[in-house]
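Here is the structure we will look at, set down as structure tokens.
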Amino acid sequence: MQFKNSKWGYLLVLSLIWGTSFILIKKSLLGLTAYQLGALRIIITGLFLFAAGFNRVRAIKRKEWKWIVVSGFLGTFFPSFFFAIAETEIDSAVASILNSLVPLNTILMGLAIFKITSTKRQMLGVVIGFVGTAILILKGAELNPNQNYLYAGFVIASTLMYAANVNIIKRYLQDVKPLTIAVGNFVPIVIPAFFVLIISGFFAEATYASPDFGVSMLYVVILSLFGTAMAKVLFNTLVQISTPVFASSVTYVMPIVALGWGLLDGEDFSVLQGVATIIILLGVYLANKK
């Protein structure tokens with residue numbers, strides 16, 4: 001009973017943290033470019049995690065390092081940039097809803113790569129989920145003609161990476177401590193992120209001259225500490241005490257939190273998009289129902 005309650009507790013806390021991350025990304029982009037935001041998010045998070053437990057990397061076995069590295073790039077490096085790039089063109093609430101495709105992609109990837117069989121109901125859920133996604137994107141493009149909804153592809157690509165990452169953690173890193181995985185993930189990605197930061201022009205005088213630079217940096221620090229560093233440790237724990245599909249179902253509740261923040265920030269959201277959101281969640285529910 002305690003095991004069951006603890007995993008639901010982790011799910012709720014992660015939903016609140018990650019649901020708020022989308023509006024923090026949006027606000028961070030006021031004074032930073034997408035590449036600067038992605039790089040800073042990785043570097044600052046890495047500093048937090050290294051301070052918390054850099055000595056833990058000694059516990060990682062040689063055979064586990066390749067999966068730690070792959071997990072770092074798929075679960076953090078590329079999505080950090082992809083979500084920032086996506087939110088330069090689409091609303092934060094829409095990005096969070098599209099992120100709810102993670103459980104569906106977890107099932108598809110489990111079937112295609114990890115040879116985990118799926119039922120007909122699960123496949124029906126996948127189809128329904130993609131129908132809802134198509135409606136959401138098409139209606140969003142109609143509602144916001146000034147936004148380029150092709151950028152939704154960056155979010156969808158990230159959901160595929162998250163799906164692969166959760167399967168990797170469950171299958172190959174089950175016996176590694178959650179904080180150890182999180183710290184290890186950032187060892188190979190901090191240096192590439194620093195090079196991206198240099199190339200992005202972050203150290204140019206014009207960047208600091210922006211009136212929104214200071215507040216954007218504050219949002220990035222909050223995003224890095226809670227939305228990435230703390231959330232990664234919590235998520236790794238959730239994967240290990242539950243199943244990949246259950247852990248990825250954190251994306252069910254995230255859109256509710258993100259949608260609330262988006263509406264408070266003046267983002268447009270139509271009734272049809274609300275219906276599309278329900279369709280997506282219905283598809284996810286069917287895909288995960290025992």
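Identifiers in this document derive from the order of the structure tokens: chains are assigned A, B, ..., residues are numbered from 1 separately in each chain, and ligands are numbered from 1 in order of occurrence.
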Practice item. Find the residues near Ala59 of chain A: any atom within 12 Å, counting only C-alpha atoms, skip ones fewer than 5 places away on the same chain, and give them as a PyMOL selection string. Key: chain A and resi 53-54+64-65+175-181+183-184
Residues as selected, N, CA, C and O atoms, written as a PDB file, in the first residue's frame, can you do that?
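The result, stored in again_12.pdb:
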ATOM      1  N   GLY A  53      26.022  15.815  -5.710  1.00  0.00           N
ATOM      2  CA  GLY A  53      26.560  14.461  -5.603  1.00  0.00           C
ATOM      3  C   GLY A  53      27.470  14.031  -6.728  1.00  0.00           C
ATOM      4  O   GLY A  53      27.266  12.957  -7.322  1.00  0.00           O
ATOM      5  N   PHE A  54      28.480  14.836  -7.070  1.00  0.00           N
ATOM      6  CA  PHE A  54      29.372  14.466  -8.177  1.00  0.00           C
ATOM      7  C   PHE A  54      30.147  13.187  -7.871  1.00  0.00           C
ATOM      8  O   PHE A  54      30.473  12.417  -8.772  1.00  0.00           O
ATOM      9  N   GLU A  64      27.519   0.346 -17.653  1.00  0.00           N
ATOM     10  CA  GLU A  64      26.340   1.209 -17.515  1.00  0.00           C
ATOM     11  C   GLU A  64      26.548   2.583 -18.142  1.00  0.00           C
ATOM     12  O   GLU A  64      25.566   3.279 -18.433  1.00  0.00           O
ATOM     13  N   TRP A  65      27.786   2.972 -18.370  1.00  0.00           N
ATOM     14  CA  TRP A  65      28.074   4.329 -18.845  1.00  0.00           C
ATOM     15  C   TRP A  65      27.464   4.625 -20.208  1.00  0.00           C
ATOM     16  O   TRP A  65      26.979   5.731 -20.446  1.00  0.00           O
ATOM     17  N   ASP A 175      19.087  -0.704 -11.426  1.00  0.00           N
ATOM     18  CA  ASP A 175      19.787  -0.864 -10.156  1.00  0.00           C
ATOM     19  C   ASP A 175      20.684   0.321  -9.807  1.00  0.00           C
ATOM     20  O   ASP A 175      21.397   0.282  -8.798  1.00  0.00           O
ATOM     21  N   VAL A 176      20.653   1.357 -10.620  1.00  0.00           N
ATOM     22  CA  VAL A 176      21.467   2.548 -10.359  1.00  0.00           C
ATOM     23  C   VAL A 176      20.616   3.564  -9.604  1.00  0.00           C
ATOM     24  O   VAL A 176      19.463   3.795  -9.953  1.00  0.00           O
ATOM     25  N   LYS A 177      21.176   4.181  -8.570  1.00  0.00           N
ATOM     26  CA  LYS A 177      20.436   5.156  -7.768  1.00  0.00           C
ATOM     27  C   LYS A 177      19.955   6.326  -8.633  1.00  0.00           C
ATOM     28  O   LYS A 177      20.686   6.777  -9.526  1.00  0.00           O
ATOM     29  N   PRO A 178      18.730   6.825  -8.387  1.00  0.00           N
ATOM     30  CA  PRO A 178      18.176   7.911  -9.198  1.00  0.00           C
ATOM     31  C   PRO A 178      19.069   9.144  -9.286  1.00  0.00           C
ATOM     32  O   PRO A 178      19.253   9.715 -10.369  1.00  0.00           O
ATOM     33  N   LEU A 179      19.653   9.580  -8.161  1.00  0.00           N
ATOM     34  CA  LEU A 179      20.535  10.755  -8.189  1.00  0.00           C
ATOM     35  C   LEU A 179      21.803  10.450  -8.980  1.00  0.00           C
ATOM     36  O   LEU A 179      22.318  11.323  -9.698  1.00  0.00           O
ATOM     37  N   THR A 180      22.286   9.224  -8.883  1.00  0.00           N
ATOM     38  CA  THR A 180      23.481   8.821  -9.629  1.00  0.00           C
ATOM     39  C   THR A 180      23.221   8.898 -11.129  1.00  0.00           C
ATOM     40  O   THR A 180      24.069   9.372 -11.896  1.00  0.00           O
ATOM     41  N   ILE A 181      22.049   8.432 -11.565  1.00  0.00           N
ATOM     42  CA  ILE A 181      21.682   8.513 -12.983  1.00  0.00           C
ATOM     43  C   ILE A 181      21.638   9.969 -13.424  1.00  0.00           C
ATOM     44  O   ILE A 181      22.184  10.340 -14.477  1.00  0.00           O
ATOM     45  N   VAL A 183      23.083  12.692 -12.115  1.00  0.00           N
ATOM     46  CA  VAL A 183      24.417  13.298 -12.159  1.00  0.00           C
ATOM     47  C   VAL A 183      25.189  12.767 -13.359  1.00  0.00           C
ATOM     48  O   VAL A 183      25.813  13.531 -14.109  1.00  0.00           O
ATOM     49  N   GLY A 184      25.139  11.440 -13.551  1.00  0.00           N
ATOM     50  CA  GLY A 184      25.840  10.832 -14.678  1.00  0.00           C
ATOM     51  C   GLY A 184      25.355  11.345 -16.019  1.00  0.00           C
ATOM     52  O   GLY A 184      26.146  11.533 -16.955  1.00  0.00           O
TER      53      GLY A 184
END
Review point. Rounded to one decimal in Å, what is the spacing between atom CA of Val131 of chain A and atom CA of Ala231 of chain A?
Key: 29.7 Å
Report as a Markdown table the residues of segment 128-178 of chain A within 9 Å of segment 95-98 of chain A, each with its shortest atom pair and distance in Å (one decimal), using only C-alpha atoms, ordered by chain and increasing residue number.
| residue | atom | partner | partner_atom | distance |
| --- | --- | --- | --- | --- |
| A:Thr133 | CA | A:Leu98 | CA | 6.7 |
| A:Leu136 | CA | A:Leu98 | CA | 8.4 |
| A:Ile137 | CA | A:Leu98 | CA | 8.8 |
| A:Ala152 | CA | A:Ala95 | CA | 7.1 |
| A:Val155 | CA | A:Ala95 | CA | 6.5 |
| A:Ile156 | CA | A:Leu98 | CA | 6.8 |
| A:Thr159 | CA | A:Leu98 | CA | 8.3 |
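Atom CA of Ile68 of chain A is positioned 22.9 Å from atom CA of Thr251 of chain A.
Proximity ranking of A:Val250, A:Leu74, A:Leu49, A:Ile135 relative to Leu16 of chain A places A:Val250 first, based on only C-alpha atoms.
The residue set within 7 Å of Lys7 of chain A, counting only C-alpha atoms and dropping same-chain residues fewer than 4 places from it, reads Phe3, Leu11, Leu238, Ile241 and Ser242 of chain A.
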Include C-alpha atoms and write out the residues we just selected as a PDB file, in the first residue's frame.
ATOM      1  CA  PHE A   3       4.530   1.545  -2.461  1.00  0.00           C
ATOM      2  CA  LEU A  11       3.392  11.481 -10.068  1.00  0.00           C
ATOM      3  CA  LEU A 238       9.326   6.931 -10.222  1.00  0.00           C
ATOM      4  CA  ILE A 241       9.365   1.988  -8.350  1.00  0.00           C
ATOM      5  CA  SER A 242       6.700   1.644 -11.060  1.00  0.00           C
TER       6      SER A 242
END
